[in-house]
Amino acid sequence: MKIQEKSRKSTRAIVKGDTVGKRVYVALSGGVDSSVSATLLQKEGYEVTGVFIKVWQPDFLPCSWEAEKRDAMRVSAHLGIPFLVWDFEKEYKKFVADYMIREYRAGRTPNPDVMCNKEVKFGAFFRRAMNQGADFVATGHYARKRERKTKNEKRKTFELLSATDLDKDQSYFLWTLGQEQLSKTFFPIGGFKKSKVRALAKKFKLPVAEKKDSQGLCFVGKLDMKDFLTHFITEKEGSVLNESGEQIGTHRGAYFYTLGERHGFTIAKKGADDTPYYIVAKDLTHNTITVAHRVKDTLVCARKEVQISQVNFCTGVAPSLSKTYTAQVRYHGESYRCRLHTPDDKNFSLYFEKSVMVDAGQSVALYDGDECVGGGVVEGQKIESSK
């Protein structure tokens, strides 16, 4: 009996079909999730190749990729599968790191993990795997896919779904995927709880079974974003203002902050209300940020309508405009009920049922139940830079 058949039918991670001779290139990061993914595929009968993706890392951060590569190599040796190292430093630097720095410098709040998935994992890695004869690729993402059951379509259509373990769900980062990627991608652990994945790693005696989960920026790891950005954007102390325009503290530079943030600035003038302050506005021209204890509908950052650009719909077809969807504007953030509107085929707006704190540049993923139908990048009023 196949491994997935031992779990509930709804948690099957791999599509049915003849696996003999089918080649799968697995993005092996050296962590537990991708290692279990490779093992499950091998046990299903696929010809698995492990690929470690080497990306750009700045000189001022500790080098972590060599240790991760060794762990990925150990897993491959344990499974007896081929192991490759593919260098995508240039792609990562251009499409992830430079993009992130450029967006922050423009006063926007980018999501580098979304771009990493789009341009590196399901861009450069996906294309090279296909060019080298892979039938599929696989990753350790906590997400699922499902074949849409329709009688009239001549080709199969695949939907992107949230993971069974909602605490680990990563579908938010995958809204840029289309049918080309989904039709040839496996998410082997998307139907399992994290505890089950850990248990499988021990059962399979994987050398990384006890390894802690990685956190932080895609591939680079945990870092303080403001400290990272100061190597590329000059710090410039500015004023923290309250809603009345009074200076009550200082910050390191308006470029480094995002609406809704409540850390990284200093409040010198405190009142009787000691509840946290949230950033509700920022002015790059005058290098100020405005904070408040709560978000009011009248504030700039609390919006019921947002325009989105770089829109992608995973099935290739725009969803119905008559339905109510839910949207996430932050990873593991609150889900907001909304409706989709489009005045033409290229411009889209989301209308929220209640005001949402959102900043320009943030990714928004759109859901219909557990299906991630797509997403886009939030646009806002143009902010004039003082540089």
# chains A, B, ... in the order shown; residues from 1 in each chain; ligands from 1
>>> residues_around(residues="Phe88 in chain A", least_positions_apart="5", cutoff="9 Å", atoms="only C-alpha atoms", output="PyMOL selection string")
chain A and resi 53-56+93+120+124-125
>>> select_by_dssp(residues="range 228-371 of chain A", states="helix (DSSP H, G or I)", output="list of chain:residue names")
A:Phe228, A:Leu229, A:Ala254, A:Tyr255, A:Phe256
>>> write_last_selection(atoms="N, CA and C atoms", output="mmCIF file, in the first residue's frame")
data_model
loop_
_atom_site.group_PDB
_atom_site.id
_atom_site.type_symbol
_atom_site.label_atom_id
_atom_site.label_comp_id
_atom_site.auth_asym_id
_atom_site.auth_seq_id
_atom_site.Cartn_x
_atom_site.Cartn_y
_atom_site.Cartn_z
ATOM 1 N N PHE A 228 19.621 44.582 7.970
ATOM 2 C CA PHE A 228 20.003 44.159 6.620
ATOM 3 C C PHE A 228 19.956 45.337 5.657
ATOM 4 N N LEU A 229 18.873 46.097 5.710
ATOM 5 C CA LEU A 229 18.684 47.193 4.762
ATOM 6 C C LEU A 229 19.669 48.334 4.965
ATOM 7 N N ALA A 254 12.377 56.503 7.551
ATOM 8 C CA ALA A 254 11.029 56.099 7.157
ATOM 9 C C ALA A 254 11.026 54.962 6.142
ATOM 10 N N TYR A 255 12.114 54.816 5.372
ATOM 11 C CA TYR A 255 12.191 53.758 4.369
ATOM 12 C C TYR A 255 12.064 52.365 4.982
ATOM 13 N N PHE A 256 12.518 52.225 6.215
ATOM 14 C CA PHE A 256 12.640 50.904 6.821
ATOM 15 C C PHE A 256 11.344 50.360 7.420
#
>>> closest_residue(among="A:Val36, A:Thr342, A:Arg303, A:Phe265", to="Ser320 in chain A", atoms="only C-alpha atoms")
A:Thr342
>>> atom_distance(atom1="CA of Gly369 in chain A", atom2="CA of Trp175 in chain A")
14.6 Å
>>> atom_distance(atom1="CA of Arg128 in chain A", atom2="CA of Ala201 in chain A")
28.2 Å
>>> select_by_dssp(residues="range 66-184 of chain A", states="strand (DSSP E or B)", output="count of residues only")
18
>>> atom_distance(atom1="CA of Gly31 in chain A", atom2="CA of Pro62 in chain A")
18.0 Å
